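As stored in entry_33.csv (CSV, C-alpha atoms):
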```
chain,number,residue,atom,x,y,z
G,1,MET,CA,0.0,0.0,0.0
G,2,THR,CA,1.4,3.4,-1.0
G,3,ASP,CA,0.2,6.8,0.0
G,4,LEU,CA,0.2,9.9,-2.1
G,5,TYR,CA,3.4,11.3,-0.6
G,6,GLU,CA,5.3,8.1,-1.2
G,7,GLY,CA,3.9,7.8,-4.7
G,8,LEU,CA,5.1,11.3,-5.5
G,9,ASN,CA,8.4,10.7,-3.9
G,10,ARG,CA,9.0,7.7,-6.1
G,11,LEU,CA,7.8,9.5,-9.2
G,12,ALA,CA,10.1,12.5,-8.4
G,13,GLY,CA,13.1,10.1,-8.8
G,14,PRO,CA,16.4,9.9,-7.0
G,15,GLY,CA,17.5,13.5,-7.7
G,16,ALA,CA,21.0,12.8,-9.0
G,17,GLU,CA,23.7,15.3,-8.1
G,18,PRO,CA,24.6,17.4,-11.2
G,19,THR,CA,27.8,16.7,-13.1
G,20,PRO,CA,30.4,19.4,-13.5
G,21,GLU,CA,29.4,19.6,-17.1
G,22,GLN,CA,25.8,20.3,-16.2
G,23,VAL,CA,26.8,23.0,-13.8
G,24,GLU,CA,29.1,24.7,-16.3
G,25,ALA,CA,26.3,24.5,-19.0
G,26,ASP,CA,23.9,26.1,-16.6
G,27,LEU,CA,26.4,28.9,-15.9
G,28,ALA,CA,27.0,29.4,-19.6
G,29,ARG,CA,23.3,29.6,-20.3
G,30,GLY,CA,22.9,32.2,-17.6
G,31,ARG,CA,25.8,34.3,-18.9
G,32,THR,CA,24.5,34.2,-22.4
G,33,ALA,CA,21.0,35.1,-21.3
G,34,LEU,CA,22.3,38.0,-19.2
G,35,ARG,CA,24.3,39.3,-22.2
G,36,ARG,CA,21.3,39.0,-24.5
G,37,ARG,CA,19.1,40.8,-21.9
G,38,ARG,CA,21.5,43.7,-21.7
G,39,ILE,CA,21.8,44.0,-25.5
G,40,PHE,CA,18.0,43.7,-25.7
G,41,GLN,CA,17.4,46.4,-23.1
G,42,THR,CA,20.0,48.7,-24.8
G,43,GLY,CA,18.3,48.3,-28.1
G,44,GLY,CA,14.8,48.8,-26.6
G,45,ALA,CA,16.0,52.0,-24.9
G,46,SER,CA,17.3,53.3,-28.2
G,47,THR,CA,14.1,52.6,-30.1
G,48,PHE,CA,12.1,54.3,-27.4
G,49,ALA,CA,14.4,57.4,-27.6
G,50,VAL,CA,13.9,57.6,-31.3
G,51,ALA,CA,10.1,57.3,-31.0
G,52,ALA,CA,10.1,60.0,-28.3
G,53,VAL,CA,12.0,62.4,-30.5
G,54,ALA,CA,9.8,61.7,-33.4
G,55,ALA,CA,6.7,62.3,-31.3
G,56,ALA,CA,8.1,65.6,-30.1
G,57,VAL,CA,8.9,66.7,-33.6
G,58,ALA,CA,5.4,65.8,-34.8
G,59,PHE,CA,3.8,67.7,-31.9
G,60,ALA,CA,5.9,70.8,-32.5
G,61,THR,CA,5.1,70.8,-36.2
G,62,ALA,CA,1.4,70.2,-36.1
G,63,GLY,CA,0.8,72.1,-32.9
G,64,THR,CA,-1.7,69.4,-31.7
G,65,PRO,CA,-1.3,65.8,-30.8
G,66,ALA,CA,-2.4,63.2,-33.3
G,67,THR,CA,-6.0,61.9,-32.8
G,68,GLY,CA,-7.8,58.7,-33.5
G,69,THR,CA,-6.3,57.7,-36.8
G,70,SER,CA,-4.6,54.6,-35.5
G,71,PRO,CA,-5.9,51.4,-36.9
G,72,LEU,CA,-5.9,50.2,-33.3
G,73,ALA,CA,-8.5,52.8,-32.4
G,74,ASP,CA,-11.3,50.3,-32.7
G,75,GLY,CA,-9.5,47.4,-31.1
G,76,PRO,CA,-8.1,46.6,-27.7
G,77,ALA,CA,-5.0,48.6,-26.7
G,78,PRO,CA,-1.7,46.8,-27.2
G,79,ALA,CA,0.3,46.0,-24.1
G,80,VAL,CA,3.0,48.4,-25.2
G,81,SER,CA,1.6,51.5,-26.7
G,82,SER,CA,4.8,52.5,-28.5
G,83,ILE,CA,4.6,49.5,-30.8
G,84,VAL,CA,3.6,50.3,-34.3
G,85,PRO,CA,1.1,47.7,-35.6
G,86,THR,CA,2.8,45.5,-38.2
G,87,LYS,CA,0.8,45.8,-41.4
G,88,LEU,CA,-0.5,42.9,-43.4
G,89,VAL,CA,1.0,42.2,-46.8
G,90,ALA,CA,0.2,39.6,-49.4
G,91,TYR,CA,1.8,36.2,-48.7
G,92,GLN,CA,4.3,35.4,-51.5
G,93,GLY,CA,5.7,32.0,-50.5
G,94,GLU,CA,4.6,28.5,-51.2
G,95,GLN,CA,1.2,27.7,-49.7
G,96,PRO,CA,1.2,25.2,-46.8
G,97,GLU,CA,-0.6,21.9,-47.6
G,98,ALA,CA,-3.3,22.2,-45.0
G,99,PHE,CA,-4.0,25.9,-44.7
G,100,GLU,CA,-3.8,28.7,-47.3
G,101,ILE,CA,-2.7,32.1,-46.3
G,102,ASP,CA,-3.7,35.3,-48.1
G,103,ARG,CA,-1.8,37.8,-45.9
G,104,VAL,CA,1.1,37.8,-43.4
G,105,PRO,CA,2.6,40.5,-41.2
G,106,GLU,CA,5.2,42.4,-43.2
G,107,GLY,CA,8.6,40.9,-42.6
G,108,TRP,CA,7.3,37.7,-41.3
G,109,VAL,CA,7.8,34.2,-42.7
G,110,LEU,CA,6.2,30.8,-42.5
G,111,GLN,CA,8.4,29.0,-39.9
G,112,ASN,CA,6.6,25.7,-39.6
G,113,SER,CA,3.5,24.0,-40.9
G,114,ASP,CA,1.9,20.6,-40.8
G,115,GLU,CA,-1.6,19.2,-41.3
G,116,GLY,CA,-2.6,20.4,-37.8
G,117,GLY,CA,-1.4,24.0,-38.0
G,118,LEU,CA,1.2,26.6,-38.9
G,119,VAL,CA,3.6,28.9,-37.2
G,120,LEU,CA,4.6,32.4,-38.5
G,121,ALA,CA,7.7,34.2,-37.1
G,122,PRO,CA,9.6,37.4,-37.8
G,123,GLU,CA,12.1,37.0,-40.5
G,124,GLY,CA,15.8,36.9,-39.5
G,125,PRO,CA,17.7,35.4,-36.6
G,126,LEU,CA,15.6,34.3,-33.7
G,127,ALA,CA,16.4,33.9,-30.0
G,128,ASP,CA,17.9,30.8,-28.6
G,129,PRO,CA,15.1,28.6,-27.2
G,130,SER,CA,16.4,28.5,-23.7
G,131,THR,CA,18.2,31.8,-23.3
G,132,GLY,CA,16.5,34.3,-25.5
G,133,PRO,CA,15.1,37.5,-23.9
G,134,ALA,CA,11.6,37.2,-22.5
G,135,GLY,CA,8.9,37.8,-25.1
G,136,ALA,CA,11.3,37.5,-28.1
G,137,ALA,CA,10.5,35.1,-30.9
G,138,ASN,CA,12.0,31.7,-30.4
G,139,SER,CA,14.0,29.7,-32.9
G,140,ASP,CA,12.2,26.6,-31.8
G,141,PRO,CA,9.5,26.0,-34.4
G,142,HIS,CA,7.3,24.4,-31.8
G,143,SER,CA,7.4,27.5,-29.6
G,144,PHE,CA,4.7,30.1,-30.2
G,145,VAL,CA,6.2,32.8,-28.1
G,146,GLY,CA,6.6,36.0,-30.1
G,147,LYS,CA,4.9,34.5,-33.1
G,148,ILE,CA,1.5,33.6,-34.7
G,149,ALA,CA,0.2,30.1,-34.4
G,150,VAL,CA,-2.7,28.8,-36.4
G,151,MET,CA,-4.4,25.4,-35.8
G,152,LEU,CA,-7.6,23.5,-36.2
G,153,GLN,CA,-9.2,21.8,-33.3
G,154,ASP,CA,-12.6,20.4,-32.2
G,155,ALA,CA,-13.3,22.7,-29.3
G,156,GLY,CA,-14.1,26.3,-29.4
G,157,ALA,CA,-13.1,28.8,-26.7
G,158,PRO,CA,-13.6,27.5,-23.2
G,159,ALA,CA,-16.6,29.2,-21.7
G,160,ASP,CA,-14.8,30.2,-18.5
G,161,LEU,CA,-12.3,32.3,-20.5
G,162,GLY,CA,-14.8,34.9,-21.5
G,163,GLY,CA,-13.7,37.2,-24.3
G,164,LYS,CA,-15.3,39.2,-27.1
G,165,LYS,CA,-17.7,37.8,-29.6
G,166,VAL,CA,-16.6,38.6,-33.1
G,167,GLU,CA,-17.4,37.5,-36.7
G,168,VAL,CA,-15.1,36.7,-39.6
G,169,GLY,CA,-16.6,35.9,-43.0
G,170,GLY,CA,-19.9,35.3,-41.5
G,171,ASN,CA,-18.5,32.8,-39.0
G,172,PRO,CA,-18.8,33.4,-35.3
G,173,GLY,CA,-15.7,33.6,-33.1
G,174,VAL,CA,-14.4,34.6,-29.7
G,175,LEU,CA,-11.3,36.8,-29.2
G,176,THR,CA,-9.9,36.1,-25.8
G,177,LYS,CA,-6.8,35.2,-23.8
G,178,MET,CA,-5.8,31.7,-22.7
G,179,LEU,CA,-5.3,31.1,-19.1
G,180,ASP,CA,-2.0,32.6,-18.0
G,181,GLN,CA,-1.6,34.3,-21.4
G,182,THR,CA,-0.2,37.8,-20.6
G,183,ASP,CA,0.9,38.6,-24.1
G,184,GLY,CA,-1.2,38.7,-27.2
G,185,SER,CA,-4.6,37.2,-27.7
G,186,THR,CA,-6.3,34.1,-29.1
G,187,LEU,CA,-9.1,33.9,-31.6
G,188,PHE,CA,-11.4,30.9,-31.8
G,189,LEU,CA,-13.2,30.9,-35.1
G,190,LYS,CA,-15.9,28.4,-36.0
G,191,VAL,CA,-15.3,26.8,-39.4
G,192,PRO,CA,-18.5,25.1,-40.7
G,193,ASP,CA,-18.2,21.3,-40.5
G,194,ARG,CA,-14.5,21.5,-39.6
G,195,GLY,CA,-14.3,22.5,-36.0
G,196,HIS,CA,-12.6,25.7,-34.8
G,197,LEU,CA,-9.7,27.6,-36.2
G,198,VAL,CA,-7.5,28.8,-33.4
G,199,ILE,CA,-5.2,31.8,-34.0
G,200,GLN,CA,-2.8,32.9,-31.3
G,201,VAL,CA,-0.9,36.2,-31.9
G,202,TRP,CA,1.7,37.9,-29.8
G,203,ASP,CA,1.8,41.5,-28.7
G,204,ASN,CA,5.1,42.1,-30.6
G,205,LEU,CA,2.8,42.7,-33.6
G,206,GLY,CA,1.1,45.6,-32.0
G,207,TRP,CA,-2.2,44.3,-33.3
G,208,GLY,CA,-5.6,45.0,-32.0
G,209,GLU,CA,-8.9,43.3,-32.8
G,210,LYS,CA,-9.0,44.7,-36.3
G,211,GLN,CA,-5.7,43.2,-37.4
G,212,VAL,CA,-6.3,39.9,-35.9
G,213,LEU,CA,-9.6,39.6,-37.7
G,214,GLU,CA,-8.1,40.7,-41.0
G,215,PHE,CA,-5.4,38.1,-40.7
G,216,ALA,CA,-8.0,35.4,-39.8
G,217,ALA,CA,-10.0,36.3,-42.8
G,218,GLY,CA,-7.0,35.4,-45.0
G,219,ILE,CA,-6.6,31.9,-43.6
G,220,HIS,CA,-8.4,29.1,-45.5
G,221,VAL,CA,-8.7,25.6,-44.2
G,222,ASN,CA,-8.4,23.0,-47.0
G,223,GLU,CA,-9.1,19.3,-47.1
G,224,ASN,CA,-5.7,18.3,-45.9
G,225,ALA,CA,-6.1,20.1,-42.5
G,226,ALA,CA,-6.5,17.8,-39.5
G,227,LYS,CA,-7.7,18.6,-36.1
G,228,SER,CA,-5.0,18.8,-33.5
G,229,VAL,CA,-5.0,16.3,-30.8
G,230,GLY,CA,-3.1,16.3,-27.6
A,1,MET,CA,30.9,41.4,-8.9
A,2,LYS,CA,30.6,39.2,-12.0
A,3,ILE,CA,32.9,36.6,-10.4
A,4,GLU,CA,30.9,36.8,-7.2
A,5,ARG,CA,27.6,36.2,-9.1
A,6,ASP,CA,29.2,33.2,-10.9
A,7,GLU,CA,30.5,31.7,-7.7
A,8,GLN,CA,27.2,32.1,-5.9
A,9,PHE,CA,25.3,30.7,-8.8
A,10,HIS,CA,27.7,27.8,-9.1
A,11,ARG,CA,27.2,26.9,-5.4
A,12,PHE,CA,23.5,27.2,-5.8
A,13,VAL,CA,23.4,24.9,-8.8
A,14,VAL,CA,25.6,22.3,-7.1
A,15,THR,CA,23.5,22.2,-4.0
A,16,ARG,CA,20.0,22.8,-5.3
A,17,ARG,CA,19.8,21.4,-8.9
A,18,ALA,CA,19.0,17.9,-7.9
A,19,ALA,CA,16.0,19.0,-5.8
A,20,LEU,CA,14.9,21.3,-8.6
A,21,VAL,CA,14.9,18.4,-11.0
A,22,ARG,CA,12.7,16.4,-8.6
A,23,THR,CA,10.2,19.2,-8.2
A,24,ALA,CA,10.2,19.8,-11.9
A,25,THR,CA,9.6,16.1,-12.5
A,26,LEU,CA,6.5,16.3,-10.4
A,27,LEU,CA,5.3,19.5,-11.9
A,28,THR,CA,5.6,17.9,-15.4
A,29,ALA,CA,3.9,14.6,-14.3
A,30,GLY,CA,7.1,12.6,-14.7
A,31,ASP,CA,8.2,14.1,-18.1
A,32,ALA,CA,12.0,13.9,-17.5
A,33,HIS,CA,12.9,15.9,-20.7
A,34,LEU,CA,10.4,18.7,-20.0
A,35,ALA,CA,11.5,18.7,-16.4
A,36,GLU,CA,15.1,19.3,-17.5
A,37,ASP,CA,14.0,22.1,-19.8
A,38,LEU,CA,12.1,23.7,-16.9
A,39,VAL,CA,15.1,23.5,-14.6
A,40,GLN,CA,17.4,24.9,-17.2
A,41,SER,CA,15.0,27.7,-17.9
A,42,THR,CA,14.6,28.4,-14.1
A,43,LEU,CA,18.3,28.5,-13.5
A,44,THR,CA,18.8,30.8,-16.5
A,45,LYS,CA,16.2,33.2,-15.1
A,46,LEU,CA,17.7,33.1,-11.7
A,47,TYR,CA,21.1,33.9,-13.0
A,48,VAL,CA,19.8,36.9,-15.0
A,49,ALA,CA,17.9,38.1,-11.9
A,50,TRP,CA,20.6,37.1,-9.4
A,51,PRO,CA,20.8,40.4,-7.5
A,52,ALA,CA,17.0,40.4,-7.0
A,53,PHE,CA,17.1,36.7,-5.9
A,54,GLN,CA,19.8,37.5,-3.4
A,55,ARG,CA,17.7,40.4,-2.0
A,56,ALA,CA,14.6,38.3,-1.8
A,57,ASP,CA,13.0,37.9,1.7
A,58,ASN,CA,12.0,34.4,0.9
A,59,PRO,CA,14.6,32.8,-1.5
A,60,ASP,CA,12.9,29.4,-1.5
A,61,GLY,CA,9.6,31.1,-2.5
A,62,TYR,CA,11.4,33.1,-5.2
A,63,VAL,CA,12.8,29.8,-6.7
A,64,ARG,CA,9.3,28.2,-6.5
A,65,ARG,CA,7.7,31.2,-8.3
A,66,THR,CA,10.4,31.1,-11.0
A,67,LEU,CA,9.9,27.4,-11.5
A,68,VAL,CA,6.1,27.8,-11.8
A,69,ASN,CA,6.6,30.7,-14.2
A,70,ALA,CA,8.9,28.6,-16.3
A,71,LEU,CA,6.2,25.9,-16.3
A,72,THR,CA,3.6,28.5,-17.3
A,73,ASP,CA,5.9,29.8,-20.1
A,74,GLU,CA,6.3,26.3,-21.3
A,75,ARG,CA,2.5,25.8,-21.2
A,76,ARG,CA,2.1,29.0,-23.2
A,77,ARG,CA,4.5,27.7,-25.8
A,78,TRP,CA,2.8,24.4,-26.1
A,79,TRP,CA,-0.7,25.4,-24.9
A,80,ARG,CA,-2.4,23.7,-27.8
A,81,ARG,CA,-0.7,20.4,-27.7
A,82,ARG,CA,-0.3,20.1,-23.9
A,83,GLU,CA,-3.5,21.6,-22.6
A,84,ARG,CA,-6.0,19.5,-24.5
A,85,SER,CA,-7.7,16.9,-22.4
A,86,MET,CA,-8.3,13.6,-24.1
A,87,ALA,CA,-10.7,10.8,-23.6
A,88,GLU,CA,-7.9,8.3,-23.9
A,89,LEU,CA,-4.2,8.6,-23.2
A,90,PRO,CA,-2.1,8.7,-26.3
A,91,ASP,CA,-0.4,5.4,-27.3
A,92,ARG,CA,3.2,6.1,-26.2
A,93,PRO,CA,5.9,3.7,-25.1
A,94,ALA,CA,6.1,3.8,-21.4
A,95,ALA,CA,9.1,5.7,-20.0
A,96,GLU,CA,11.3,4.0,-17.5
A,97,ILE,CA,10.4,5.6,-14.2
A,98,PRO,CA,11.6,4.3,-10.8
A,99,GLY,CA,8.8,2.8,-8.8
A,100,GLY,CA,7.3,0.7,-11.5
A,101,ASP,CA,3.5,0.4,-11.7
A,102,ILE,CA,2.6,2.9,-9.0
A,103,SER,CA,4.7,5.6,-10.6
A,104,ASP,CA,3.2,4.8,-14.0
A,105,VAL,CA,-0.3,5.0,-12.6
A,106,LEU,CA,0.3,8.2,-10.6
A,107,ARG,CA,2.1,9.8,-13.5
A,108,ALA,CA,-0.9,9.1,-15.8
A,109,ALA,CA,-3.2,10.5,-13.2
A,110,LEU,CA,-1.1,13.6,-12.7
A,111,LYS,CA,-1.0,14.1,-16.5
A,112,GLU,CA,-4.8,14.5,-16.4
A,113,LEU,CA,-4.5,17.6,-14.2
A,114,PRO,CA,-3.9,21.1,-15.5
A,115,PRO,CA,-0.4,22.2,-14.8
A,116,ARG,CA,-1.2,24.7,-12.1
A,117,MET,CA,-3.6,22.4,-10.3
A,118,ARG,CA,-0.9,19.7,-10.4
A,119,ALA,CA,1.6,22.3,-9.0
A,120,ALA,CA,-0.9,23.1,-6.2
A,121,LEU,CA,-1.1,19.4,-5.3
A,122,VAL,CA,2.6,18.9,-5.4
A,123,PHE,CA,3.4,21.9,-3.2
A,124,ARG,CA,0.6,21.2,-0.7
A,125,TYR,CA,0.9,17.4,-0.4
A,126,PHE,CA,4.5,16.6,-1.2
A,127,TYR,CA,6.4,19.6,0.0
A,128,ASP,CA,3.8,20.3,2.8
A,129,LEU,CA,3.7,24.0,2.1
A,130,ASP,CA,0.9,25.9,3.7
A,131,VAL,CA,-1.8,27.5,1.7
A,132,ALA,CA,-0.2,31.0,1.8
A,133,ASP,CA,3.2,29.7,0.5
A,134,THR,CA,1.5,27.7,-2.2
A,135,ALA,CA,-0.5,30.7,-3.2
A,136,ASP,CA,2.7,32.7,-3.3
A,137,ALA,CA,4.4,30.2,-5.6
A,138,LEU,CA,1.4,30.0,-7.9
A,139,GLY,CA,0.7,33.8,-7.9
A,140,CYS,CA,-2.9,33.2,-7.0
A,141,SER,CA,-5.2,33.7,-4.0
A,142,GLU,CA,-5.3,31.3,-1.1
A,143,GLY,CA,-8.9,30.5,-1.9
A,144,THR,CA,-7.8,29.4,-5.4
A,145,VAL,CA,-5.2,27.1,-3.8
A,146,LYS,CA,-7.8,25.5,-1.6
A,147,SER,CA,-10.2,24.9,-4.5
A,148,GLN,CA,-7.5,23.7,-6.8
A,149,THR,CA,-6.1,21.2,-4.4
A,150,ALA,CA,-9.5,19.9,-3.5
A,151,ARG,CA,-10.4,19.4,-7.2
A,152,ALA,CA,-7.0,17.8,-7.8
A,153,LEU,CA,-7.6,15.3,-5.1
A,154,ASP,CA,-11.1,14.6,-6.4
A,155,ARG,CA,-9.7,14.0,-9.9
A,156,LEU,CA,-6.9,11.8,-8.6
A,157,ARG,CA,-9.4,9.7,-6.7
A,158,ALA,CA,-11.5,9.3,-9.8
A,159,VAL,CA,-8.5,8.1,-11.7
A,160,LEU,CA,-6.9,6.0,-9.0
A,161,GLY,CA,-10.0,4.8,-7.4
A,162,GLN,CA,-9.7,1.4,-9.1
A,163,ASN,CA,-6.1,0.9,-8.0
A,164,PRO,CA,-6.0,-0.5,-4.5
A,165,SER,CA,-2.2,-0.2,-4.2
A,166,LEU,CA,-2.3,3.6,-3.8
A,167,VAL,CA,-4.3,5.4,-1.2
A,168,LEU,CA,-5.1,9.1,-1.0
A,169,ARG,CA,-5.4,10.5,2.5
```

Could you express the structure from this file as structure tokens?
Amino acid sequence: MTDLYEGLNRLAGPGAEPTPEQVEADLARGRTALRRRRIFQTGGASTFAVAAVAAAVAFATAGTPATGTSPLADGPAPAVSSIVPTKLVAYQGEQPEAFEIDRVPEGWVLQNSDEGGLVLAPEGPLADPSTGPAGAANSDPHSFVGKIAVMLQDAGAPADLGGKKVEVGGNPGVLTKMLDQTDGSTLFLKVPDRGHLVIQVWDNLGWGEKQVLEFAAGIHVNENAAKSVG
Amino acid sequence: MKIERDEQFHRFVVTRRAALVRTATLLTAGDAHLAEDLVQSTLTKLYVAWPAFQRADNPDGYVRRTLVNALTDERRRWWRRRERSMAELPDRPAAEIPGGDISDVLRAALKELPPRMRAALVFRYFYDLDVADTADALGCSEGTVKSQTARALDRLRAVLGQNPSLVLR
């Protein structure tokens, strides 16, 4: 007879002492991450400074602050207001087998696709999976951090998540956040006879509801698409 | 200062890594590879924030929060593939886990729990943390911890109820 504590104790394993190589590898990862973080913070500060100068010049020239012309005006505010929304452009690459894409964020590429979904990421070098700065796009194609993930599944938005009811191409959907999701948002869109298209976007796009729905309108599920299973 | 950080971190890893792996193994329901990923991610975050960690009033709590945050990050990365509950467990070859059948059964039962509910169970019933410390680790209210652990036990009972070799008290 085993109780829960003993069962967990056995499942936890013996807890082997780390080898010197493991310790050195942990230290190396930490150093690399710290270096990346400092570079990232320096770059971010520079970008902010440029934006601040630009805003000051615009104000001085026009005499009045800009008003309600942002495409984000009719959508939820982005987490970082200084982010300029990435515009959608026509997708030029080869179409994935299971989903067709009309438009992608400018400067983004298709990083991964299979019958269950696809992942879009910013073009160019991505962060190392284990040490990249928080919120940066990850070079691991199975990571969705900093990216757009599209997939097909049976279930719609869990009722307890709440969210905003939306419509894309006559199909009902819910724009919401997953549990623990602090960045970006997730759209659950009903696809007649196919289940639900799920699109997760990250805040690095600067997108509001309008951009998410426009992107979703350009995703077409074809006969090769399969519903994701755990 | 850099050397001091490295030396302190080195000592921390040597003395605490094994325990972190055990905790991460439980938080991931026995997924050794994911547990190692969590530990690496946690240690990296600790190194980056080492001064803050050193100033923390409750260093153990700081480590627990970092570990849970790493688990949450992992969940966000994989939320689609890992969060979906299934009517049947996928047909995978059984991993070799010490403890044999009991561990296999318990691991399968823990896998059925959402990650944070599993974490609440592990902190409360394996590490014997009180409700306040568990809430601190999970970044939620004490009431949430109570409801999560109660539901976790109910779910485990439902899964383990047919297995007389493991009792829940």

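Taking atom CA of His33 of chain A as the reference point, atom CA of Ser103 of chain A is found at 16.6 Å.
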
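When all atoms listed in the file are used to compute distances to chain A, the closest of the residues G:Ser143, G:Gln111, G:Asn224, G:Gln200 turns out to be G:Ser143.
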
Skip segment 5-21 of chain G itself and residues of its chain fewer than 6 positions away, then list as a ChimeraX atom specification all residues within 7 Å of it, counting only C-alpha atoms.
/A:14,17-19,21-23,25-26,30,97-99,102-103,106,125-126

Take the selection from the previous step and output its residues with C-alpha atoms, as a short mmCIF file (atom, residue, chain, number, x, y, z; two decimals), in the frame of the given file.
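Saved the output as result-v3.cif:
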```cif
data_model
loop_
_atom_site.label_atom_id
_atom_site.label_comp_id
_atom_site.auth_asym_id
_atom_site.auth_seq_id
_atom_site.Cartn_x
_atom_site.Cartn_y
_atom_site.Cartn_z
CA VAL A 14 25.60 22.30 -7.10
CA ARG A 17 19.80 21.40 -8.90
CA ALA A 18 19.00 17.90 -7.90
CA ALA A 19 16.00 19.00 -5.80
CA VAL A 21 14.90 18.40 -11.00
CA ARG A 22 12.70 16.40 -8.60
CA THR A 23 10.20 19.20 -8.20
CA THR A 25 9.60 16.10 -12.50
CA LEU A 26 6.50 16.30 -10.40
CA GLY A 30 7.10 12.60 -14.70
CA ILE A 97 10.40 5.60 -14.20
CA PRO A 98 11.60 4.30 -10.80
CA GLY A 99 8.80 2.80 -8.80
CA ILE A 102 2.60 2.90 -9.00
CA SER A 103 4.70 5.60 -10.60
CA LEU A 106 0.30 8.20 -10.60
CA TYR A 125 0.90 17.40 -0.40
CA PHE A 126 4.50 16.60 -1.20
#
```

Would you pick out the contacts of segment 53-58 of chain A at 12 Å or less, using only C-alpha atoms, so that residues sharing its chain but fewer than 2 positions from it are not included, and give the list as an mmCIF file with C-alpha atoms, in the coordinates of the input?
```
data_model
loop_
_atom_site.group_PDB
_atom_site.id
_atom_site.type_symbol
_atom_site.label_atom_id
_atom_site.label_comp_id
_atom_site.auth_asym_id
_atom_site.auth_seq_id
_atom_site.Cartn_x
_atom_site.Cartn_y
_atom_site.Cartn_z
ATOM 1 C CA GLU A 4 30.900 36.800 -7.200
ATOM 2 C CA ARG A 5 27.600 36.200 -9.100
ATOM 3 C CA GLN A 8 27.200 32.100 -5.900
ATOM 4 C CA PHE A 9 25.300 30.700 -8.800
ATOM 5 C CA PHE A 12 23.500 27.200 -5.800
ATOM 6 C CA THR A 42 14.600 28.400 -14.100
ATOM 7 C CA LEU A 43 18.300 28.500 -13.500
ATOM 8 C CA LYS A 45 16.200 33.200 -15.100
ATOM 9 C CA LEU A 46 17.700 33.100 -11.700
ATOM 10 C CA TYR A 47 21.100 33.900 -13.000
ATOM 11 C CA VAL A 48 19.800 36.900 -15.000
ATOM 12 C CA ALA A 49 17.900 38.100 -11.900
ATOM 13 C CA TRP A 50 20.600 37.100 -9.400
ATOM 14 C CA PRO A 51 20.800 40.400 -7.500
ATOM 15 C CA ASP A 60 12.900 29.400 -1.500
ATOM 16 C CA GLY A 61 9.600 31.100 -2.500
ATOM 17 C CA TYR A 62 11.400 33.100 -5.200
ATOM 18 C CA VAL A 63 12.800 29.800 -6.700
ATOM 19 C CA ARG A 64 9.300 28.200 -6.500
ATOM 20 C CA ARG A 65 7.700 31.200 -8.300
ATOM 21 C CA THR A 66 10.400 31.100 -11.000
ATOM 22 C CA ASP A 133 3.200 29.700 0.500
ATOM 23 C CA ASP A 136 2.700 32.700 -3.300
ATOM 24 C CA ALA A 137 4.400 30.200 -5.600
#
```

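Minimum distance to chain A across G:Gly218, G:Gly93, G:Pro105, G:Pro141 (counting all atoms listed in the file) occurs at G:Pro141.
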
Report as a PyMOL selection string all protein, DNA and RNA residues lying within 10 Å of Gln40 of chain A, evaluated on only C-alpha atoms, omitting residues in the same chain fewer than 2 positions from it.
(chain G and resi 22+25-27+29-30+130-131) or (chain A and resi 17+20-21+34-38+42-46+67+70)

Show which residues sit within 6 Å of segment 151-155 of chain G, as a PDB file with C-alpha atoms, in the frame of the given file. Count all atoms listed in the file, and ignore same-chain residues fewer than 2 positions away.
```pdb
ATOM      1  CA  GLY G 116      -2.600  20.400 -37.800  1.00  0.00           C
ATOM      2  CA  GLY G 117      -1.400  24.000 -38.000  1.00  0.00           C
ATOM      3  CA  GLY G 195     -14.300  22.500 -36.000  1.00  0.00           C
ATOM      4  CA  HIS G 196     -12.600  25.700 -34.800  1.00  0.00           C
ATOM      5  CA  LEU G 197      -9.700  27.600 -36.200  1.00  0.00           C
ATOM      6  CA  VAL G 198      -7.500  28.800 -33.400  1.00  0.00           C
ATOM      7  CA  LYS G 227      -7.700  18.600 -36.100  1.00  0.00           C
ATOM      8  CA  SER G 228      -5.000  18.800 -33.500  1.00  0.00           C
TER       9      SER G 228
END
```

Between atom CA of Pro115 of chain A and atom CA of Ala29 of chain A, what is the spacing in Å?
8.7 Å

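Closest approach to chain A among G:Arg103, G:Lys210, G:Lys164, G:Arg31: G:Arg31, based on all atoms listed in the file.
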
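Going from atom CA of Ala24 of chain A over to atom CA of Thr134 of chain A, you cover 15.2 Å.
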
Sel. within 9 Å of pt (0.5, 38.5, -29.2), counting all atoms listed in the file, output as a PyMOL selection string
chain G and resi 78+145-148+182-186+200-207

Closest of A:Val13, A:Ala158, A:Ala135, A:Arg151 to chain G, counting all atoms listed in the file, is A:Val13
